[in-house]
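Q: Enclosed is the structure file my_file.cif (mmCIF, C-alpha atoms and all ligand atoms).
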data_entry
#
loop_
_atom_site.label_atom_id
_atom_site.label_comp_id
_atom_site.auth_asym_id
_atom_site.auth_seq_id
_atom_site.Cartn_x
_atom_site.Cartn_y
_atom_site.Cartn_z
CA MET N 1 61.24 219.99 409.24
CA SER N 2 60.36 222.74 411.69
CA ARG N 3 57.58 222.22 414.15
CA LEU N 4 55.64 224.93 412.35
CA SER N 5 55.80 223.27 408.92
CA LEU N 6 54.87 219.91 410.46
CA ALA N 7 51.83 221.53 412.02
CA LEU N 8 50.99 223.18 408.70
CA ALA N 9 51.30 219.85 406.85
CA ALA N 10 49.05 218.17 409.41
CA ALA N 11 46.49 220.96 409.12
CA LEU N 12 46.56 220.76 405.32
CA SER N 13 46.07 216.98 405.27
CA CYS N 14 43.09 217.40 407.60
CA LEU N 15 41.70 220.04 405.30
CA CYS N 16 42.15 217.76 402.30
CA GLY N 17 40.33 214.95 404.08
CA ALA N 18 37.46 217.25 404.99
CA ALA N 19 37.38 218.80 401.53
CA SER N 20 37.16 215.44 399.76
CA ALA N 21 34.19 214.43 401.90
CA GLN N 22 32.38 217.61 400.84
CA GLN N 23 33.30 217.40 397.19
CA LEU N 24 30.77 214.72 396.32
CA VAL N 25 29.35 215.52 392.92
CA PRO N 26 25.55 215.66 392.90
CA SER N 27 23.79 212.37 392.21
CA PRO N 28 20.11 212.81 391.37
CA THR N 29 19.73 209.05 390.91
CA LEU N 30 21.15 208.10 394.31
CA ASP N 31 19.06 210.86 395.92
CA ALA N 32 15.92 209.56 394.21
CA ILE N 33 16.61 205.94 395.22
CA LYS N 34 17.15 206.97 398.85
CA ALA N 35 14.04 209.18 398.86
CA ARG N 36 11.75 206.51 397.40
CA GLY N 37 13.33 203.81 399.57
CA HIS N 38 13.84 201.24 396.84
CA LEU N 39 15.80 200.56 393.68
CA GLU N 40 14.01 200.23 390.33
CA CYS N 41 15.65 197.42 388.40
CA GLY N 42 14.80 196.51 384.79
CA VAL N 43 15.11 192.78 384.14
CA HIS N 44 14.28 190.20 381.45
CA LEU N 45 10.68 189.10 380.95
CA GLY N 46 11.50 185.70 382.41
CA LEU N 47 14.76 183.88 381.81
CA PRO N 48 15.49 181.03 384.25
CA GLY N 49 18.85 181.51 385.99
CA PHE N 50 19.08 185.20 385.04
CA SER N 51 15.82 186.86 386.09
CA PHE N 52 12.76 184.79 386.65
CA ALA N 53 9.68 185.25 388.83
CA ASN N 54 8.06 182.16 390.41
CA ASP N 55 4.30 181.69 390.97
CA LYS N 56 4.49 183.86 394.08
CA GLY N 57 6.14 186.67 392.09
CA GLU N 58 9.51 186.13 393.81
CA TRP N 59 12.39 186.98 391.49
CA SER N 60 15.65 185.04 391.34
CA GLY N 61 18.67 184.83 389.04
CA ILE N 62 22.16 186.18 388.62
CA ASP N 63 20.90 189.51 387.21
CA VAL N 64 18.36 189.77 390.04
CA ASP N 65 21.10 189.07 392.61
CA TYR N 66 23.15 191.94 391.25
CA CYS N 67 20.26 194.38 391.79
CA ARG N 68 19.72 193.02 395.30
CA ALA N 69 23.43 193.60 396.04
CA LEU N 70 23.14 197.16 394.69
CA ALA N 71 20.09 197.81 396.90
CA ALA N 72 21.99 196.46 399.92
CA ALA N 73 24.91 198.76 399.12
CA ILE N 74 22.78 201.88 398.65
CA LEU N 75 19.94 201.29 401.11
CA GLY N 76 21.37 198.64 403.46
CA ASP N 77 18.59 196.20 402.52
CA SER N 78 18.72 193.76 399.60
CA THR N 79 14.92 193.36 399.60
CA LYS N 80 14.33 197.00 398.68
CA VAL N 81 14.12 196.42 394.92
CA LYS N 82 11.25 196.56 392.47
CA PHE N 83 11.75 194.50 389.33
CA THR N 84 10.32 195.63 386.01
CA PRO N 85 10.27 192.98 383.28
CA THR N 86 11.38 194.38 379.91
CA SER N 87 11.47 192.88 376.43
CA VAL N 88 14.40 193.12 374.01
CA GLN N 89 12.85 196.25 372.45
CA GLN N 90 11.31 197.92 375.52
CA ARG N 91 14.46 197.82 377.63
CA TRP N 92 15.99 200.93 376.04
CA PRO N 93 13.05 203.38 376.41
CA VAL N 94 12.35 202.04 379.90
CA LEU N 95 15.93 202.91 380.90
CA GLN N 96 16.20 206.15 378.90
CA SER N 97 12.93 207.56 380.30
CA GLY N 98 14.03 207.04 383.91
CA GLN N 99 11.38 204.42 384.66
CA VAL N 100 14.16 202.19 386.02
CA ASP N 101 17.48 203.09 387.65
CA LEU N 102 19.32 200.46 385.63
CA LEU N 103 18.97 197.37 383.46
CA SER N 104 20.33 194.15 384.88
CA ARG N 105 19.08 192.07 382.06
CA ASN N 106 21.19 189.79 379.87
CA THR N 107 22.11 192.82 377.81
CA THR N 108 25.21 192.65 375.65
CA ILE N 109 27.74 195.46 375.66
CA THR N 110 28.21 196.67 372.09
CA PHE N 111 29.82 199.72 370.54
CA SER N 112 26.72 201.01 368.75
CA ARG N 113 24.48 200.69 371.82
CA ASN N 114 27.03 202.59 373.91
CA ALA N 115 27.55 205.26 371.25
CA THR N 116 23.97 205.83 370.09
CA LEU N 117 21.45 204.82 372.77
CA GLY N 118 22.60 207.10 375.59
CA VAL N 119 23.53 204.14 377.75
CA ASN N 120 26.69 203.13 379.59
CA PHE N 121 27.80 199.65 380.50
CA GLN N 122 29.24 199.29 383.98
CA GLY N 123 31.05 195.98 383.79
CA ILE N 124 30.51 192.33 382.97
CA ASN N 125 28.51 190.00 385.18
CA PHE N 126 28.12 187.24 382.61
CA TYR N 127 30.13 186.23 379.55
CA GLU N 128 27.54 184.81 377.19
CA GLY N 129 28.09 183.22 373.78
CA GLN N 130 25.47 182.69 371.09
CA THR N 131 24.48 179.21 369.97
CA PHE N 132 21.55 177.22 368.57
CA VAL N 133 19.02 174.67 369.72
CA VAL N 134 17.96 172.10 367.12
CA ARG N 135 15.92 168.91 366.97
CA LYS N 136 18.05 165.92 367.95
CA GLY N 137 19.88 164.29 365.06
CA THR N 138 19.44 167.23 362.62
CA ALA N 139 22.68 169.16 363.22
CA THR N 140 25.56 169.26 365.68
CA ALA N 141 27.40 172.52 364.95
CA PRO N 142 26.54 175.95 363.49
CA LYS N 143 28.29 175.04 360.20
CA ASP N 144 25.60 172.35 359.66
CA LEU N 145 22.89 175.01 359.37
CA ASP N 146 23.32 175.83 355.66
CA GLY N 147 19.82 176.19 354.17
CA ALA N 148 18.16 176.13 357.59
CA SER N 149 15.55 178.57 358.89
CA ILE N 150 16.32 180.11 362.26
CA CYS N 151 13.92 181.75 364.72
CA VAL N 152 15.24 184.68 366.76
CA ALA N 153 14.05 187.61 368.92
CA ALA N 154 13.99 190.87 366.92
CA GLY N 155 16.34 193.62 368.11
CA SER N 156 18.70 191.24 369.89
CA THR N 157 22.43 190.93 369.31
CA GLU N 158 21.67 187.36 368.25
CA GLU N 159 19.62 188.55 365.28
CA LYS N 160 22.50 190.66 363.91
CA GLN N 161 25.25 188.19 364.77
CA ALA N 162 23.49 185.25 363.11
CA ALA N 163 23.00 187.32 359.92
CA ASP N 164 26.70 188.35 359.93
CA TRP N 165 28.00 184.88 360.69
CA PHE N 166 26.08 183.08 357.96
CA ARG N 167 26.68 185.83 355.37
CA GLU N 168 30.43 185.76 356.03
CA ARG N 169 30.40 182.04 355.26
CA ASN N 170 28.15 182.32 352.20
CA MET N 171 25.62 180.08 353.89
CA LYS N 172 22.01 180.29 352.75
CA THR N 173 20.25 180.55 356.06
CA SER N 174 16.99 182.38 356.61
CA ILE N 175 16.60 184.34 359.81
CA ILE N 176 12.98 184.73 360.95
CA ASN N 177 12.58 187.35 363.66
CA PHE N 178 9.78 187.75 366.19
CA GLN N 179 8.83 190.78 368.25
CA LYS N 180 8.26 188.52 371.25
CA ASN N 181 10.91 186.04 372.15
CA ASP N 182 8.46 183.45 373.47
CA ASP N 183 6.79 183.54 370.03
CA ALA N 184 10.18 182.75 368.47
CA ILE N 185 10.57 179.73 370.75
CA ALA N 186 6.99 178.61 370.11
CA ALA N 187 7.50 178.92 366.34
CA TYR N 188 10.61 176.77 366.55
CA ASP N 189 8.79 174.26 368.76
CA SER N 190 5.92 173.98 366.30
CA GLY N 191 8.35 173.20 363.45
CA ARG N 192 8.26 176.55 361.66
CA CYS N 193 12.04 176.90 362.05
CA ASP N 194 14.86 174.35 362.04
CA ALA N 195 16.68 176.10 364.86
CA TYR N 196 16.22 178.77 367.51
CA THR N 197 19.16 180.95 368.46
CA ALA N 198 20.04 182.67 371.75
CA GLY N 199 22.88 182.66 374.28
CA LEU N 200 24.23 179.35 375.56
CA GLY N 201 23.42 180.32 379.15
CA ALA N 202 20.01 181.65 378.16
CA LEU N 203 19.25 178.44 376.26
CA ALA N 204 20.20 176.28 379.26
CA GLY N 205 17.11 177.69 380.96
CA GLN N 206 14.90 178.38 377.94
CA ARG N 207 15.09 174.76 376.81
CA SER N 208 12.61 174.01 379.60
CA LYS N 209 10.03 176.13 377.70
CA LEU N 210 9.92 173.52 374.90
CA LYS N 211 7.13 170.91 374.96
CA ASP N 212 9.56 167.98 374.98
CA PRO N 213 13.00 169.34 375.99
CA ASP N 214 14.68 165.94 375.62
CA SER N 215 14.06 165.80 371.89
CA HIS N 216 16.21 168.93 371.35
CA VAL N 217 19.92 169.63 371.77
CA VAL N 218 21.73 172.87 372.53
CA MET N 219 24.93 173.11 370.49
CA THR N 220 28.14 173.59 372.47
CA GLU N 221 29.94 175.69 369.82
CA THR N 222 29.31 179.42 370.07
CA ILE N 223 29.48 182.05 367.31
CA SER N 224 29.84 185.23 369.36
CA ASN N 225 31.34 187.04 372.29
CA ASP N 226 28.43 188.50 374.29
CA PRO N 227 29.67 190.19 377.46
CA GLN N 228 26.63 191.27 379.49
CA GLY N 229 26.29 193.50 382.51
CA PRO N 230 24.49 196.28 384.36
CA THR N 231 23.49 199.16 382.11
CA THR N 232 22.77 202.77 383.11
CA ARG N 233 21.75 206.00 381.35
CA TYR N 234 24.31 208.62 380.38
CA GLY N 235 24.97 211.10 383.17
CA ASP N 236 25.21 210.96 386.96
CA GLU N 237 28.82 209.85 387.35
CA ARG N 238 28.59 209.19 391.09
CA TYR N 239 25.70 206.78 390.63
CA GLN N 240 27.54 205.06 387.77
CA LEU N 241 30.52 204.69 390.09
CA VAL N 242 28.37 202.87 392.63
CA VAL N 243 26.87 200.53 390.00
CA ARG N 244 30.33 199.70 388.65
CA TRP N 245 32.04 199.17 392.00
CA VAL N 246 29.31 197.03 393.55
CA LEU N 247 29.85 194.56 390.71
CA ASN N 248 33.62 194.85 391.17
CA GLY N 249 33.09 194.36 394.90
CA MET N 250 31.22 191.08 394.40
CA ILE N 251 34.06 189.82 392.21
CA ALA N 252 36.73 191.10 394.63
CA ALA N 253 34.94 189.38 397.53
CA GLU N 254 35.26 186.03 395.76
CA LEU N 255 38.90 186.71 394.94
CA LEU N 256 39.65 187.65 398.56
CA GLY N 257 37.77 184.65 399.99
CA ILE N 258 34.96 186.68 401.57
CA THR N 259 31.56 184.95 401.57
CA SER N 260 28.11 185.66 403.01
CA LYS N 261 28.99 183.10 405.73
CA ASN N 262 32.39 184.43 406.84
CA VAL N 263 31.95 188.17 406.21
CA ASP N 264 31.45 189.03 409.91
CA GLU N 265 34.62 187.20 410.88
CA MET N 266 36.59 188.70 407.98
CA LYS N 267 35.45 192.17 409.01
CA ALA N 268 36.45 191.58 412.63
CA LYS N 269 39.73 189.75 412.10
CA SER N 270 41.22 190.13 408.61
CA THR N 271 44.63 191.79 408.38
CA SER N 272 44.46 192.05 404.55
CA ALA N 273 44.51 195.72 403.55
CA GLU N 274 42.15 195.13 400.61
CA VAL N 275 39.67 193.07 402.65
CA ARG N 276 39.60 195.78 405.31
CA ARG N 277 38.93 198.49 402.71
CA LEU N 278 36.28 196.45 400.91
CA LEU N 279 34.44 195.77 404.16
CA GLY N 280 34.62 199.38 405.34
CA VAL N 281 36.99 198.85 408.27
CA ASP N 282 39.60 201.16 406.72
CA GLY N 283 39.66 203.74 403.98
CA GLY N 284 36.16 205.18 404.14
CA PHE N 285 35.39 203.97 400.59
CA GLY N 286 31.60 204.07 401.04
CA ALA N 287 31.71 207.70 402.19
CA MET N 288 33.70 208.62 399.06
CA MET N 289 30.57 207.74 397.06
CA GLY N 290 28.07 209.15 399.57
CA LEU N 291 27.19 205.71 400.96
CA SER N 292 27.63 203.99 404.31
CA ASN N 293 31.09 202.43 404.70
CA ASP N 294 29.23 199.12 405.18
CA TRP N 295 28.06 199.23 401.55
CA MET N 296 29.93 196.10 400.41
CA PHE N 297 29.65 194.38 403.80
CA ASN N 298 25.87 194.60 403.44
CA ALA N 299 25.92 193.43 399.82
CA ILE N 300 28.13 190.41 400.57
CA LYS N 301 26.35 189.49 403.79
CA GLN N 302 22.88 189.67 402.23
CA VAL N 303 23.57 188.42 398.68
CA GLY N 304 27.03 186.82 398.64
CA ASN N 305 30.13 187.12 396.51
CA TYR N 306 30.02 186.66 392.73
CA GLY N 307 30.81 182.93 392.92
CA GLU N 308 28.09 182.24 395.50
CA SER N 309 25.58 184.03 393.31
CA TYR N 310 26.76 182.23 390.16
CA GLU N 311 26.55 178.73 391.70
CA ARG N 312 23.09 179.34 393.17
CA THR N 313 21.56 180.83 390.01
CA VAL N 314 23.20 179.38 386.90
CA GLY N 315 25.97 177.11 388.22
CA MET N 316 26.14 173.63 389.69
CA GLY N 317 23.71 174.47 392.50
CA SER N 318 21.03 175.41 389.93
CA PRO N 319 19.03 173.46 387.32
CA LEU N 320 21.11 175.13 384.55
CA LYS N 321 24.37 173.50 385.74
CA LEU N 322 26.62 175.83 383.75
CA ALA N 323 30.36 175.43 384.39
CA ARG N 324 32.16 178.66 385.28
CA GLY N 325 34.09 178.75 381.97
CA LYS N 326 34.90 182.35 381.01
CA ASN N 327 32.91 183.47 384.08
CA GLU N 328 35.65 182.11 386.33
CA LEU N 329 38.05 184.59 388.00
CA TRP N 330 40.97 185.67 385.81
CA THR N 331 43.34 184.24 388.43
CA LYS N 332 41.81 180.81 387.78
CA GLY N 333 41.82 180.87 383.98
CA GLY N 334 38.55 182.75 383.40
CA ALA N 335 37.89 186.29 382.17
CA LEU N 336 36.12 187.71 385.23
CA PHE N 337 38.11 190.71 386.37
CA THR N 338 38.07 193.53 388.90
CA PRO N 339 40.44 196.44 389.35
CA PRO N 340 41.87 196.72 392.90
CA PHE N 341 40.14 198.25 395.91
CA GLN N 342 42.90 200.68 396.63
N1 LIG C 401 22.23 189.46 374.80
C1 LIG C 401 21.07 189.76 373.98
C2 LIG C 401 19.88 189.20 374.68
C3 LIG C 401 18.57 189.60 374.14
C4 LIG C 401 17.42 188.77 374.66
O1 LIG C 401 16.92 189.00 375.73
N2 LIG C 401 17.02 187.79 373.83
C5 LIG C 401 16.01 186.83 373.95
C6 LIG C 401 16.59 185.49 374.21
S1 LIG C 401 17.44 185.36 375.73
C7 LIG C 401 14.84 187.08 374.86
O2 LIG C 401 14.49 186.28 375.66
N3 LIG C 401 14.11 188.13 374.74
C8 LIG C 401 12.92 188.41 375.51
C9 LIG C 401 11.87 189.15 374.73
O3 LIG C 401 12.09 190.30 374.41
O4 LIG C 401 10.82 188.59 374.44
C10 LIG C 401 20.97 191.25 373.73
O5 LIG C 401 21.50 192.04 374.52
O6 LIG C 401 20.39 191.66 372.72
#
Show how you would write the structure in this file as structure tokens.
Ligand SMILES: N[C@@H](CCC(=O)N[C@@H](CS)C(=O)NCC(=O)O)C(=O)O
A:
Amino acid sequence: MSRLSLALAAALSCLCGAASAQQLVPSPTLDAIKARGHLECGVHLGLPGFSFANDKGEWSGIDVDYCRALAAAILGDSTKVKFTPTSVQQRWPVLQSGQVDLLSRNTTITFSRNATLGVNFQGINFYEGQTFVVRKGTATAPKDLDGASICVAAGSTEEKQAADWFRERNMKTSIINFQKNDDAIAAYDSGRCDAYTAGLGALAGQRSKLKDPDSHVVMTETISNDPQGPTTRYGDERYQLVVRWVLNGMIAAELLGITSKNVDEMKAKSTSAEVRRLLGVDGGFGAMMGLSNDWMFNAIKQVGNYGESYERTVGMGSPLKLARGKNELWTKGGALFTPPFQ
């Protein structure tokens, strides 16, 4: 190649680099978050392990952690989040109206929600499966519930799935729905229903809401596939990209062995191409989304990788003591997956 064409190629590649930095599509949501200085995160009303506020109003849980990681990625500070509790019904208008920037609230990804509610699902942070809690000695598996009455929160995936599951099996089960979930639990507790249905992970924490938790059992068999994850409104692709890739980044960090404890060392010393890109040493991935290149470094340092968050909130380091199961990395037999940081 002549010296001239080499020079031309070099000039063009510089131009391309510069052009891509300027070609950021507008993101009204990211602009609004930066201008107000905090993220608005819609969570559950109070579900131990997922999103739960203690007496001091401090939120914790796997869904809460995800919003903290997103705030760290966008604003550099995981504490810059305001949590808005939402019920099964309220969550959609709260998101659609722009009152929150996203839902991180045990919300199942389904076709009809995606197609008709103007919402997009940005990945899976928890594989849930629906089951039942019953009084000890009355039933051991869902198939034992013929003729039973079942309390459930109205407007939930559980309400529809229970109806489908029992109808498909010609079982005579009556589903009693309640506008408020805590009313459904209370009705079950007072003996109005033979069972209460919700997710297995949700029930691990909700069981503590019963007057005498030890006289009830949560079934181990599940009747559904309930993948849950962060949910955004239609529109604003660049913001959606950030929401999706922060979750992917937490999963990738676990896969690559990066933790909140070793992230400084990994950033300084790792020779892995993917680690270096994830932590902003190479590649300029943050800038491609209009963020600091430290976006995932901040999220991992301040919140941790997916596994750290899981253990602390719903796993063995928490009162729920849920095994990883499907929520284990796909390389270790689970279903938790991330595309590459390339
Ligand atoms: N995965 C379900 C979860 C719905 C849900 O939050 N259900 C119950 C049980 S975990 C609940 O606590 N609802 C709170 C409420 O609205 O009162 C969905 O997306 O519909």
Q: Which one is closest to Tyr306 (chain N): N:Asn170, N:Thr259, N:Thr271, N:Ser292? Count only C-alpha atoms.
A: N:Thr259
Q: Please compute the CA of Val81 (chain N)-CA of Lys301 (chain N) distance, one decimal, in Å.
A: 16.6 Å
Q: Kindly list the centre and edge lengths in Å, rounded to one decimal, for the axis-aligned box that covers all listed atoms of ligand LIG 401 (chain C) plus 3 Å on each of its six sides, as AutoDock Vina command-line options.
A:
--center_x 16.5 --center_y 188.7 --center_z 374.2 --size_x 17.4 --size_y 12.7 --size_z 9.0
Q: Taking 5 positions as the minimum chain separation for residues in the same chain, which residues sit within 12 Å of Ser190 (chain N) when counting all atoms listed in the file? Answer as a compact mmCIF listing (two decimals) with C-alpha atoms, in the coordinates of the input.
A:
# COMPACT_ATOMS: atom_id res chain seq x y z
CA ARG N 135 15.92 168.91 366.97
CA CYS N 151 13.92 181.75 364.72
CA ASP N 183 6.79 183.54 370.03
CA ALA N 184 10.18 182.75 368.47
CA ILE N 185 10.57 179.73 370.75
CA ALA N 195 16.68 176.10 364.86
CA TYR N 196 16.22 178.77 367.51
CA LEU N 210 9.92 173.52 374.90
CA LYS N 211 7.13 170.91 374.96
CA ASP N 212 9.56 167.98 374.98
Q: Can you check which parts of chain N lie within 10 Å of ligand LIG 401 (chain C)? Per residue, the shortest pair of atoms and distance in Å to one decimal, counting only C-alpha atoms and all ligand atoms, sorted by chain and number, as a tab-separated table.
A:
residue	atom	partner	partner_atom	distance
N:Val43	CA	C:LIG401	O1	9.4
N:His44	CA	C:LIG401	C8	6.4
N:Leu45	CA	C:LIG401	C8	5.9
N:Gly46	CA	C:LIG401	O2	7.4
N:Leu47	CA	C:LIG401	O2	6.6
N:Pro48	CA	C:LIG401	S1	9.8
N:Phe50	CA	C:LIG401	S1	9.5
N:Pro85	CA	C:LIG401	C8	9.4
N:Thr86	CA	C:LIG401	O3	6.9
N:Ser87	CA	C:LIG401	O3	3.3
N:Val88	CA	C:LIG401	O3	3.7
N:Gln89	CA	C:LIG401	O3	6.3
N:Gln90	CA	C:LIG401	O3	7.7
N:Arg91	CA	C:LIG401	O3	8.5
N:Arg105	CA	C:LIG401	O1	7.4
N:Asn106	CA	C:LIG401	N1	5.2
N:Thr107	CA	C:LIG401	O5	3.4
N:Thr108	CA	C:LIG401	O5	3.9
N:Ile109	CA	C:LIG401	O5	7.2
N:Thr110	CA	C:LIG401	O5	8.5
N:Arg113	CA	C:LIG401	O5	9.5
N:Tyr127	CA	C:LIG401	N1	9.8
N:Glu128	CA	C:LIG401	N1	7.5
N:Gly129	CA	C:LIG401	N1	8.6
N:Gln130	CA	C:LIG401	N1	8.4
N:Val152	CA	C:LIG401	C5	7.5
N:Ala153	CA	C:LIG401	C5	5.5
N:Ala154	CA	C:LIG401	O3	7.7
N:Gly155	CA	C:LIG401	O6	6.4
N:Ser156	CA	C:LIG401	O6	3.3
N:Thr157	CA	C:LIG401	O6	4.0
N:Glu158	CA	C:LIG401	C1	6.2
N:Glu159	CA	C:LIG401	O6	8.1
N:Lys160	CA	C:LIG401	O6	9.1
N:Gln161	CA	C:LIG401	O6	9.9
N:Phe178	CA	C:LIG401	O4	8.4
N:Gln179	CA	C:LIG401	O4	6.9
N:Lys180	CA	C:LIG401	O4	4.1
N:Asn181	CA	C:LIG401	O4	3.4
N:Asp182	CA	C:LIG401	O4	5.7
N:Asp183	CA	C:LIG401	O4	7.8
N:Ala184	CA	C:LIG401	O4	8.4
N:Ile185	CA	C:LIG401	C6	9.0
N:Tyr196	CA	C:LIG401	C6	9.5
N:Thr197	CA	C:LIG401	C6	7.8
N:Ala198	CA	C:LIG401	C6	5.1
N:Gly199	CA	C:LIG401	S1	6.2
N:Leu200	CA	C:LIG401	S1	9.1
N:Gly201	CA	C:LIG401	S1	8.5
N:Ala202	CA	C:LIG401	S1	5.1
N:Leu203	CA	C:LIG401	S1	7.2
N:Gly205	CA	C:LIG401	S1	9.3
N:Gln206	CA	C:LIG401	S1	7.7
N:Asn225	CA	C:LIG401	N1	9.8
N:Asp226	CA	C:LIG401	N1	6.3
N:Pro227	CA	C:LIG401	N1	7.9
N:Gln228	CA	C:LIG401	N1	6.7
N:Gly229	CA	C:LIG401	O5	9.4
Q: Using all atoms listed in the file, find the one residue out of N:Met250, N:Thr173, N:Leu256, N:Ile33 that sits nearest to Ala273 (chain N).
A: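 Closest candidate: N:Leu256.
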Q: Could you jot down the CA of Val246 (chain N) to CA of Phe111 (chain N) separation for me, Å, one decimal place?
A: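 Interatomic distance, CA of Val246 (chain N) to CA of Phe111 (chain N): 23.2 Å.
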Q: Would you please work out which residue, of N:Leu75, N:Leu70, N:Leu336, N:Leu95, is nearest to Lys34 (chain N) when using only C-alpha atoms?
A: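 For Lys34 (chain N), the nearest of the candidates is N:Leu75.
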Q: Go ahead and compute the interatomic distance for CA of Gly280 (chain N) and CA of Asp294 (chain N), in Å to one decimal.
A: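 Rounded to one decimal, the two atoms are 5.4 Å apart.
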Q: Using all atoms listed in the file, find the one residue out of N:Glu274, N:Glu58, N:Glu237, N:Glu265 that sits nearest to Ala252 (chain N).
A: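 Ranked by minimum distance to Ala252 (chain N), first place goes to N:Glu274.
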Q: Once you count all atoms listed in the file, which residues end up no further than 9 Å from (39.4, 201.5, 402.5) in the file's frame, shown as a PyMOL selection string?
A: chain N and resi 273-286+293+341-342
Q: Using C-alpha atoms, can you write the selected residues to a file as an mmCIF file, keeping the file's coordinate frame?
A:
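Written file, again.cif:
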data_model
loop_
_atom_site.group_PDB
_atom_site.id
_atom_site.type_symbol
_atom_site.label_atom_id
_atom_site.label_comp_id
_atom_site.auth_asym_id
_atom_site.auth_seq_id
_atom_site.Cartn_x
_atom_site.Cartn_y
_atom_site.Cartn_z
ATOM 1 C CA ALA N 273 44.510 195.720 403.550
ATOM 2 C CA GLU N 274 42.150 195.130 400.610
ATOM 3 C CA VAL N 275 39.670 193.070 402.650
ATOM 4 C CA ARG N 276 39.600 195.780 405.310
ATOM 5 C CA ARG N 277 38.930 198.490 402.710
ATOM 6 C CA LEU N 278 36.280 196.450 400.910
ATOM 7 C CA LEU N 279 34.440 195.770 404.160
ATOM 8 C CA GLY N 280 34.620 199.380 405.340
ATOM 9 C CA VAL N 281 36.990 198.850 408.270
ATOM 10 C CA ASP N 282 39.600 201.160 406.720
ATOM 11 C CA GLY N 283 39.660 203.740 403.980
ATOM 12 C CA GLY N 284 36.160 205.180 404.140
ATOM 13 C CA PHE N 285 35.390 203.970 400.590
ATOM 14 C CA GLY N 286 31.600 204.070 401.040
ATOM 15 C CA ASN N 293 31.090 202.430 404.700
ATOM 16 C CA PHE N 341 40.140 198.250 395.910
ATOM 17 C CA GLN N 342 42.900 200.680 396.630
#
Q: Let me make sure I understand: among N:Gly49, N:Thr220, N:Glu40, N:Asp144, which one has the smallest atom-to-atom distance to Gly317 (chain N) if we use only C-alpha atoms?
A: N:Gly49
Q: Using all atoms listed in the file, determine which residues lie at most 8 Å from Lys172 (chain N), disregarding the query and same-chain residues fewer than 4 positions distant; provide the list as an MDAnalysis selection string.
A: chainID N and resid 146:148 166:167
Q: Go through N:Phe337, N:Val243, N:Ala323, N:Ala253 and flag the residue nearest Met289 (chain N), using only C-alpha atoms for the distances.
A: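 Smallest separation from Met289 (chain N) among the options: N:Val243.
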Q: Tell me, as a PyMOL selection string, which residues lie within 9 Å of region 329-334 of chain N, counting all atoms listed in the file; anything in the same chain fewer than 4 positions away does not count.
A: chain N and resi 251+254-255+307+324-325+338
Q: Which residues, written as a PyMOL selection string, have at least one atom at most 10 Å from Ile62 (chain N), with all atoms listed in the file counted and residues fewer than 6 positions away on the same chain left out?
A: chain N and resi 48-52+68+104-106+125-126+306+308-315
Q: Skip Thr231 (chain N) itself and residues of its chain fewer than 4 positions away, then list as a short mmCIF file (atom, residue, chain, number, x, y, z; two decimals) with C-alpha atoms, in the coordinates of the input all residues within 6 Å of it, counting only C-alpha atoms.
A:
data_model
loop_
_atom_site.label_atom_id
_atom_site.label_comp_id
_atom_site.auth_asym_id
_atom_site.auth_seq_id
_atom_site.Cartn_x
_atom_site.Cartn_y
_atom_site.Cartn_z
CA LEU N 102 19.32 200.46 385.63
CA LEU N 103 18.97 197.37 383.46
CA ASN N 120 26.69 203.13 379.59
CA PHE N 121 27.80 199.65 380.50
#
